[in-house]
file structure.txt (compact mmCIF, C-alpha atoms)
# COMPACT_ATOMS: atom_id res chain seq x y z
CA MET A 171 -1.10 -23.82 -19.55
CA ASP A 172 -3.99 -23.05 -17.21
CA GLN A 173 -7.00 -21.49 -18.91
CA PRO A 174 -8.39 -18.15 -17.78
CA LEU A 175 -11.36 -18.05 -15.48
CA SER A 176 -13.21 -15.18 -17.11
CA ARG A 177 -16.45 -13.36 -16.24
CA ALA A 178 -17.74 -16.11 -14.05
CA ILE A 179 -18.10 -14.85 -10.49
CA PRO A 180 -20.99 -12.72 -9.35
CA LEU A 181 -21.40 -14.72 -6.08
CA LEU A 182 -23.70 -12.25 -4.35
CA GLU A 183 -23.99 -12.46 -0.55
CA ALA A 184 -21.65 -15.48 -0.32
CA LYS A 185 -20.63 -16.40 3.25
CA LYS A 186 -17.28 -17.91 2.27
CA VAL A 187 -14.28 -16.88 0.21
CA ALA A 188 -15.24 -16.80 -3.46
CA ILE A 189 -11.99 -18.34 -4.82
CA SER A 190 -9.21 -20.01 -2.86
CA VAL A 191 -5.98 -20.81 -4.72
CA SER A 192 -3.21 -23.02 -3.33
CA GLU A 193 -0.05 -24.35 -5.01
CA SER A 194 -1.21 -23.61 -8.55
CA ASN A 195 -0.82 -21.07 -11.36
CA PRO A 196 -4.25 -19.91 -12.59
CA ILE A 197 -5.33 -17.01 -14.77
CA ILE A 198 -8.25 -15.21 -13.11
CA LYS A 199 -9.35 -12.32 -15.29
CA SER A 200 -12.26 -9.90 -15.75
CA ASN A 201 -14.51 -11.24 -13.00
CA THR A 202 -16.79 -9.29 -10.68
CA PHE A 203 -16.83 -10.26 -6.98
CA VAL A 204 -19.61 -8.66 -4.93
CA LYS A 205 -20.37 -8.94 -1.19
CA ASN A 206 -18.25 -12.00 -0.46
CA ALA A 207 -16.70 -12.81 2.90
CA GLY A 208 -13.45 -12.59 0.95
CA ALA A 209 -12.93 -12.50 -2.80
CA LEU A 210 -9.54 -14.21 -3.16
CA THR A 211 -7.31 -16.23 -0.85
CA LEU A 212 -3.94 -17.06 -2.42
CA SER A 213 -1.56 -19.40 -0.61
CA ALA A 214 1.81 -20.74 -1.84
CA CYS A 215 0.82 -20.06 -5.43
CA SER A 216 1.57 -17.82 -8.38
CA GLY A 217 -0.78 -16.99 -11.26
CA THR A 218 -2.17 -13.88 -12.94
CA TYR A 219 -5.11 -11.95 -11.48
CA GLU A 220 -6.09 -9.19 -13.87
CA ALA A 221 -8.90 -6.70 -14.48
CA ASN A 222 -11.16 -8.03 -11.74
CA GLU A 223 -13.66 -5.89 -9.84
CA ILE A 224 -13.85 -6.70 -6.11
CA LEU A 225 -16.65 -4.85 -4.32
CA ASP A 226 -18.17 -4.67 -0.85
CA SER A 227 -16.35 -7.60 0.77
CA GLN A 228 -17.92 -8.19 4.18
CA GLY A 229 -16.06 -10.30 6.81
CA PRO A 230 -15.45 -12.58 8.54
CA ALA A 231 -12.46 -13.01 6.22
CA GLU A 232 -9.35 -11.06 7.25
CA ALA A 233 -9.25 -9.15 3.96
CA ALA A 234 -10.95 -8.94 0.59
CA VAL A 235 -7.72 -10.36 -0.88
CA LEU A 236 -5.38 -12.39 1.36
CA ILE A 237 -2.00 -13.50 -0.02
CA SER A 238 0.24 -15.70 2.15
CA ASP A 239 2.73 -18.57 2.46
CA LYS A 240 5.34 -17.42 -0.07
CA ALA A 241 2.82 -16.71 -2.81
CA ASN A 242 4.07 -14.76 -5.82
CA PRO A 243 1.08 -13.55 -7.86
CA SER A 244 0.84 -11.00 -10.64
CA PHE A 245 -2.02 -8.74 -9.57
CA ILE A 246 -2.66 -6.26 -12.37
CA SER A 247 -5.32 -3.64 -13.20
CA ASN A 248 -7.82 -4.76 -10.57
CA ARG A 249 -10.23 -2.52 -8.66
CA VAL A 250 -10.76 -3.32 -4.98
CA SER A 251 -13.22 -1.14 -3.09
CA ASN A 252 -15.60 -0.73 -0.16
CA SER A 253 -14.36 -3.66 1.92
CA ASP A 254 -15.29 -3.61 5.58
CA LYS A 255 -11.88 -5.08 6.55
CA ILE A 256 -8.45 -4.40 5.08
CA GLN A 257 -8.68 -4.54 1.30
CA ILE A 258 -5.46 -6.46 0.46
CA ILE A 259 -3.05 -8.23 2.87
CA VAL A 260 0.24 -9.78 1.79
CA GLN A 261 1.96 -11.99 4.41
CA GLU A 262 5.34 -13.71 3.98
CA SER A 263 5.01 -13.34 0.22
CA THR A 264 6.23 -11.41 -2.80
CA GLY A 265 4.24 -10.66 -5.96
CA THR A 266 3.85 -7.84 -8.45
CA PHE A 267 1.00 -5.37 -7.92
CA GLU A 268 0.67 -2.96 -10.81
CA CYS A 269 -1.94 -0.46 -12.05
CA ASN A 270 -4.57 -1.38 -9.45
CA GLU A 271 -7.10 0.91 -7.77
CA ILE A 272 -7.63 0.29 -4.04
CA PHE A 273 -10.16 2.70 -2.64
CA ASN A 274 -12.93 3.58 -0.19
CA GLY A 275 -12.29 0.74 2.25
CA LYS A 276 -13.60 1.03 5.78
CA SER A 277 -10.18 0.16 7.22
CA GLY A 278 -6.79 -0.03 5.46
CA GLY A 279 -5.97 -0.21 1.76
CA PHE A 280 -2.88 -2.42 1.29
CA VAL A 281 -0.82 -4.20 3.97
CA ALA A 282 2.54 -5.95 3.45
CA ALA A 283 3.52 -7.87 6.59
CA GLN A 284 5.76 -10.55 8.08
CA GLY A 285 8.77 -10.24 5.82
CA SER A 286 6.95 -9.66 2.54
CA ASN A 287 8.85 -8.25 -0.42
CA PRO A 288 6.40 -7.11 -3.10
CA VAL A 289 6.81 -4.90 -6.14
CA PHE A 290 4.04 -2.30 -5.83
CA ARG A 291 4.01 0.03 -8.80
CA LYS A 292 1.70 2.53 -10.54
CA ASN A 293 -1.25 1.89 -8.22
CA LYS A 294 -3.84 4.37 -6.99
CA VAL A 295 -4.69 4.00 -3.29
CA TYR A 296 -7.20 6.51 -2.00
CA GLY A 297 -10.09 7.24 0.31
CA ASN A 298 -9.57 4.36 2.75
CA ALA A 299 -10.83 5.14 6.23
CA LYS A 300 -7.54 4.64 8.11
CA VAL A 301 -4.23 3.91 6.36
CA GLY A 302 -3.54 3.77 2.65
CA VAL A 303 -0.42 1.55 2.57
CA SER A 304 1.03 -0.22 5.62
CA ILE A 305 4.51 -1.81 5.41
CA GLN A 306 5.02 -3.97 8.51
CA GLN A 307 8.42 -5.63 9.01
CA SER A 308 8.69 -5.92 5.24
CA SER A 309 10.69 -4.52 2.34
CA GLY A 310 9.82 -4.35 -1.35
CA ILE A 311 9.91 -1.81 -4.15
CA TRP A 312 7.21 0.87 -4.02
CA SER A 313 7.27 3.18 -7.01
CA GLU A 314 5.12 5.59 -9.03
CA ASN A 315 2.02 5.17 -6.85
CA ASP A 316 -0.58 7.83 -6.10
CA ILE A 317 -1.64 7.63 -2.43
CA TYR A 318 -4.14 10.14 -1.13
CA GLN A 319 -7.16 11.08 1.00
CA HIS A 320 -6.62 8.87 4.06
CA ALA A 321 -7.99 9.96 7.40
CA SER A 322 -4.95 8.72 9.34
CA VAL A 323 -1.76 8.04 7.35
CA GLY A 324 -0.98 7.71 3.66
CA VAL A 325 1.97 5.33 4.19
CA HIS A 326 2.82 3.73 7.57
CA VAL A 327 6.16 1.93 7.85
CA THR A 328 6.64 -0.11 11.04
CA GLY A 329 9.41 -2.47 12.11
CA ASN A 330 11.36 -3.77 15.05
CA GLU A 331 14.80 -2.52 15.97
CA GLY A 332 17.31 -3.40 13.27
CA ASP A 333 16.61 -3.83 9.59
CA SER A 334 13.29 -5.69 9.59
CA CYS A 335 11.55 -2.94 7.63
CA LYS A 336 13.52 -1.45 4.75
CA PRO A 337 11.40 -0.54 1.72
CA THR A 338 12.65 1.25 -1.36
CA PHE A 339 10.07 4.00 -1.85
CA THR A 340 10.61 6.08 -4.97
CA LYS A 341 8.74 8.42 -7.36
CA ASN A 342 5.45 8.19 -5.46
CA ILE A 343 2.97 11.01 -4.88
CA VAL A 344 1.55 11.12 -1.33
CA HIS A 345 -0.94 13.90 -0.78
CA ASP A 346 -4.08 15.11 0.97
CA ASN A 347 -3.75 12.69 3.89
CA LYS A 348 -3.69 13.54 7.58
CA GLN A 349 -0.04 12.37 7.71
CA GLY A 350 1.95 11.60 4.60
CA VAL A 351 4.63 9.00 5.44
CA LEU A 352 5.06 7.81 9.05
CA ILE A 353 8.24 5.78 9.66
CA ASP A 354 8.17 4.02 13.04
CA SER A 355 11.22 1.85 13.81
CA GLY A 356 11.97 1.49 10.10
CA ILE A 357 14.81 2.21 7.73
CA GLY A 358 14.80 2.08 3.92
CA VAL A 359 15.34 4.59 1.13
CA TYR A 360 12.76 7.27 0.24
CA ASN A 361 13.81 9.21 -2.81
CA GLU A 362 12.32 11.32 -5.62
CA ASN A 363 8.84 11.34 -4.11
CA GLU A 364 6.42 14.25 -4.01
CA LEU A 365 4.59 14.85 -0.73
CA HIS A 366 2.12 17.70 -0.61
CA SER A 367 -1.06 19.02 1.00
CA ASN A 368 -0.95 16.67 4.01
CA SER A 369 -2.66 18.25 7.00
CA MET A 370 0.10 17.24 9.45
CA HIS A 371 3.60 15.97 8.56
CA ALA A 372 4.85 15.02 5.12
CA PHE A 373 7.49 12.74 6.74
CA SER A 374 7.40 11.77 10.42
CA ILE A 375 10.38 9.71 11.64
CA ILE A 376 10.13 8.21 15.14
CA ASN A 377 11.24 5.38 17.46
CA ASN A 378 14.64 4.00 16.42
CA SER A 379 14.18 4.74 12.74
CA ALA A 380 17.09 5.51 10.42
CA PRO A 381 15.77 6.09 6.89
CA GLN A 382 17.43 7.88 3.98
CA ILE A 383 15.26 10.77 2.80
CA MET A 384 16.71 12.07 -0.47
CA GLU A 385 15.70 14.26 -3.41
CA ASN A 386 12.03 14.56 -2.49
CA LYS A 387 9.72 17.47 -3.25
CA ILE A 388 7.91 18.41 -0.04
CA HIS A 389 5.49 21.27 -0.26
CA ASN A 390 2.27 22.77 1.10
CA ASN A 391 2.10 20.55 4.18
CA GLN A 392 1.53 21.61 7.77
CA GLU A 393 5.05 20.36 8.51
CA GLY A 394 7.66 19.09 6.08
CA ILE A 395 9.88 16.68 8.03
CA HIS A 396 9.44 15.78 11.69
CA VAL A 397 12.39 13.83 13.13
CA LYS A 398 12.45 12.24 16.58
CA ASN A 399 15.28 9.87 15.84
CA CYS A 400 18.05 9.36 13.31
CA ALA A 401 17.74 10.02 9.58
CA ILE A 402 19.87 10.89 6.56
CA ILE A 403 18.14 13.85 4.88
CA VAL A 404 19.85 15.02 1.68
CA ASN A 405 18.96 17.16 -1.37
CA ASN A 406 15.25 17.58 -0.70
CA VAL A 407 13.26 20.62 -1.80
CA LEU A 408 10.94 21.98 0.90
CA GLU A 409 8.68 24.90 0.12
CA ASN A 410 5.45 26.50 1.27
CA ASN A 411 5.14 24.25 4.33
CA LYS A 412 3.95 26.03 7.46
CA ARG A 413 7.11 24.61 9.05
CA ASP A 414 9.81 22.83 7.05
CA TYR A 415 11.61 20.91 9.82
CA LYS A 416 11.12 19.88 13.39
CA VAL A 417 13.90 17.92 15.11
CA GLU A 418 13.49 16.57 18.65
call {"tool": "encode", "arguments": {"input": "structure.txt", "output": "C-alpha cells"}}
result
Amino acid sequence: MDQPLSRAIPLLEAKKVAISVSESNPIIKSNTFVKNAGALTLSACSGTYEANEILDSQGPAEAAVLISDKANPSFISNRVSNSDKIQIIVQESTGTFECNEIFNGKSGGFVAAQGSNPVFRKNKVYGNAKVGVSIQQSSGIWSENDIYQHASVGVHVTGNEGDSCKPTFTKNIVHDNKQGVLIDSGIGVYNENELHSNSMHAFSIINNSAPQIMENKIHNNQEGIHVKNCAIIVNNVLENNKRDYKVE
C-alpha cells in the first residue's frame, strides 16, 4: 500500500505544478500548498487526497487542481481558495468529492467537463468571482452541497443538443447568487433542492433544455422559474418570489 505524503509541501512561489500524479494510487494528506502554478495535476490515476489546504494558486496552470484522463480520485475535506484561475477542473474523469470547501476564487469554483461523471457531495462552494459549479457536457451525482455568493451563477449546466449533459442534482442549497441554477441545452433531474435569495432567477431553463424540476423549495428570489424551452415541473413549492414563473 502506498504511504501517505503528509505535511510536506509548503512550496512557496513555485513556478510549476507542486505534485503531478499519473497512473498511481497515492495518499496525499494534510499538506499545505501555497502560491503554486498549480497544486495538483492528476491524470489516469486514483488515490486519496484528504485534508489539504490549497491557497493562492497563480497560473499559468489551467487550474489549482486539474483532474483528467479517466482519473478516479477520492478528494475529501480539502480547502481550495483564492486561485487566480478555476479552482478545480475535472475532464473525462469520475471521482468522489466530499466535504470540501472551494471558495474565493477569482474565476470559477468547480468545473466538470468533457463527459465527466463525478460524485460531488456535502461540499461548500462560495464566494467565487464568476460561477460556483459548472457542469459542461457531463453527468454525475450532485447532492447536499451548499452553493452561494457567486457574482454570476451558482450552478451552470451546459450541453449540446441531446443528452450530453444530464446531472442528478438533489438536496442542494443554492442561495445568494445572481442566478441560482442556469440550464442551457441540458437535461437531468433536479429534485428536493432549496433555492432562495438569488437576485435573479432560481431556475433558468433555456436553449433546447428539457430537465425535470421536481419537489424543490423555491423562495425569496427575484423570479422562481424562468422557462424558455421545455421542462417537466412537478410538485415544487414556490413562495415569496417577486414572480414565481415566467414562460416564453
call {"tool": "closest_residue", "arguments": {"input": "structure.txt", "among": "A:Ser227, A:Asn368, A:Ser263, A:Asn378", "to": "Ile353 (chain A)", "atoms": "only C-alpha atoms"}}
result
A:Asn378
call {"tool": "residues_around", "arguments": {"input": "structure.txt", "residues": "His389 (chain A)", "least_positions_apart": "5", "cutoff": "10 Å", "atoms": "only C-alpha atoms", "output": "list in words"}}
result
His345, Glu364, Leu365, His366, Ser367, Asn368, Ala372, Gly394, Val407, Leu408, Glu409, Asn410, Asn411, Lys412 and Asp414 of chain A
call {"tool": "atom_distance", "arguments": {"input": "structure.txt", "atom1": "CA of Gln307 (chain A)", "atom2": "CA of Gln284 (chain A)"}}
result
5.7 Å
call {"tool": "residues_near_point", "arguments": {"input": "structure.txt", "point": "(10.9, 0.9, -7.1)", "cutoff": "9 Å", "atoms": "only C-alpha atoms", "output": "number ranges by chain"}}
result
A: 289-291, 310-314, 337-341
call {"tool": "residues_around", "arguments": {"input": "structure.txt", "residues": "His396 (chain A)", "least_positions_apart": "3", "cutoff": "9 Å", "atoms": "only C-alpha atoms", "output": "PyMOL selection string"}}
result
chain A and resi 371-376+393+414-418
call {"tool": "residues_near_point", "arguments": {"input": "structure.txt", "point": "(4.9, 5.4, 14.1)", "cutoff": "10 Å", "atoms": "all atoms listed in the file", "output": "ChimeraX atom specification"}}
result
/A:323,326-329,351-356,374-377,379
call {"tool": "closest_residue", "arguments": {"input": "structure.txt", "among": "A:Ser277, A:Asn293, A:Asn298, A:Gln306", "to": "Gln261 (chain A)", "atoms": "only C-alpha atoms"}}
result
A:Gln306
call {"tool": "atom_distance", "arguments": {"input": "structure.txt", "atom1": "CA of Lys300 (chain A)", "atom2": "CA of Ala380 (chain A)"}}
result
24.8 Å
call {"tool": "atom_distance", "arguments": {"input": "structure.txt", "atom1": "CA of Gly265 (chain A)", "atom2": "CA of Asn206 (chain A)"}}
result
23.2 Å
call {"tool": "residues_around", "arguments": {"input": "structure.txt", "residues": "Pro243 (chain A)", "least_positions_apart": "5", "cutoff": "10 Å", "atoms": "all atoms listed in the file", "output": "PyMOL selection string"}}
result
chain A and resi 195-196+212-219+237+263-267+288
call {"tool": "closest_residue", "arguments": {"input": "structure.txt", "among": "A:Ser309, A:Asn248, A:Asn222, A:Gln257", "to": "Ser200 (chain A)", "atoms": "all atoms listed in the file"}}
result
A:Asn222
call {"tool": "closest_residue", "arguments": {"input": "structure.txt", "among": "A:Cys269, A:Ile388, A:Ile259, A:Leu210", "to": "Ser304 (chain A)", "atoms": "only C-alpha atoms"}}
result
A:Ile259
call {"tool": "closest_residue", "arguments": {"input": "structure.txt", "among": "A:Ser369, A:Asn390, A:Asn252, A:Ser192", "to": "Asp239 (chain A)", "atoms": "all atoms listed in the file"}}
result
A:Ser192
call {"tool": "residues_around", "arguments": {"input": "structure.txt", "residues": "Asn274 (chain A)", "least_positions_apart": "6", "cutoff": "8 Å", "atoms": "all atoms listed in the file", "output": "list of chain:residue names"}}
result
A:Ser251, A:Asn252, A:Ser253, A:Tyr296, A:Gly297, A:Asn298, A:Ala299
call {"tool": "build_atoms", "arguments": {"input": "structure.txt", "residues": "region 381-393 of chain A", "atoms": "N, CA and C atoms", "output": "short mmCIF file (atom, residue, chain, number, x, y, z; two decimals), in the frame of the given file"}}
result
data_model
loop_
_atom_site.label_atom_id
_atom_site.label_comp_id
_atom_site.auth_asym_id
_atom_site.auth_seq_id
_atom_site.Cartn_x
_atom_site.Cartn_y
_atom_site.Cartn_z
N PRO A 381 15.96 6.12 8.35
CA PRO A 381 15.77 6.09 6.89
C PRO A 381 16.69 7.08 6.17
N GLN A 382 16.77 6.90 4.86
CA GLN A 382 17.43 7.88 3.98
C GLN A 382 16.35 8.62 3.21
N ILE A 383 16.27 9.91 3.42
CA ILE A 383 15.26 10.77 2.80
C ILE A 383 15.99 11.67 1.80
N MET A 384 15.86 11.41 0.51
CA MET A 384 16.71 12.07 -0.47
C MET A 384 15.93 12.51 -1.70
N GLU A 385 16.18 13.74 -2.13
CA GLU A 385 15.70 14.26 -3.41
C GLU A 385 14.18 14.20 -3.55
N ASN A 386 13.48 14.48 -2.47
CA ASN A 386 12.03 14.56 -2.49
C ASN A 386 11.57 16.00 -2.64
N LYS A 387 10.39 16.18 -3.20
CA LYS A 387 9.72 17.47 -3.25
C LYS A 387 8.64 17.47 -2.17
N ILE A 388 8.78 18.40 -1.22
CA ILE A 388 7.91 18.41 -0.04
C ILE A 388 7.32 19.81 0.07
N HIS A 389 6.04 19.93 -0.20
CA HIS A 389 5.49 21.27 -0.26
C HIS A 389 4.03 21.32 0.19
N ASN A 390 3.66 22.47 0.72
CA ASN A 390 2.27 22.77 1.10
C ASN A 390 1.70 21.80 2.12
N ASN A 391 2.54 21.36 3.05
CA ASN A 391 2.10 20.55 4.18
C ASN A 391 2.09 21.42 5.45
N GLN A 392 1.44 20.93 6.48
CA GLN A 392 1.53 21.61 7.77
C GLN A 392 2.98 21.61 8.25
N GLU A 393 3.65 20.47 8.12
CA GLU A 393 5.05 20.36 8.51
C GLU A 393 5.76 19.46 7.51
#
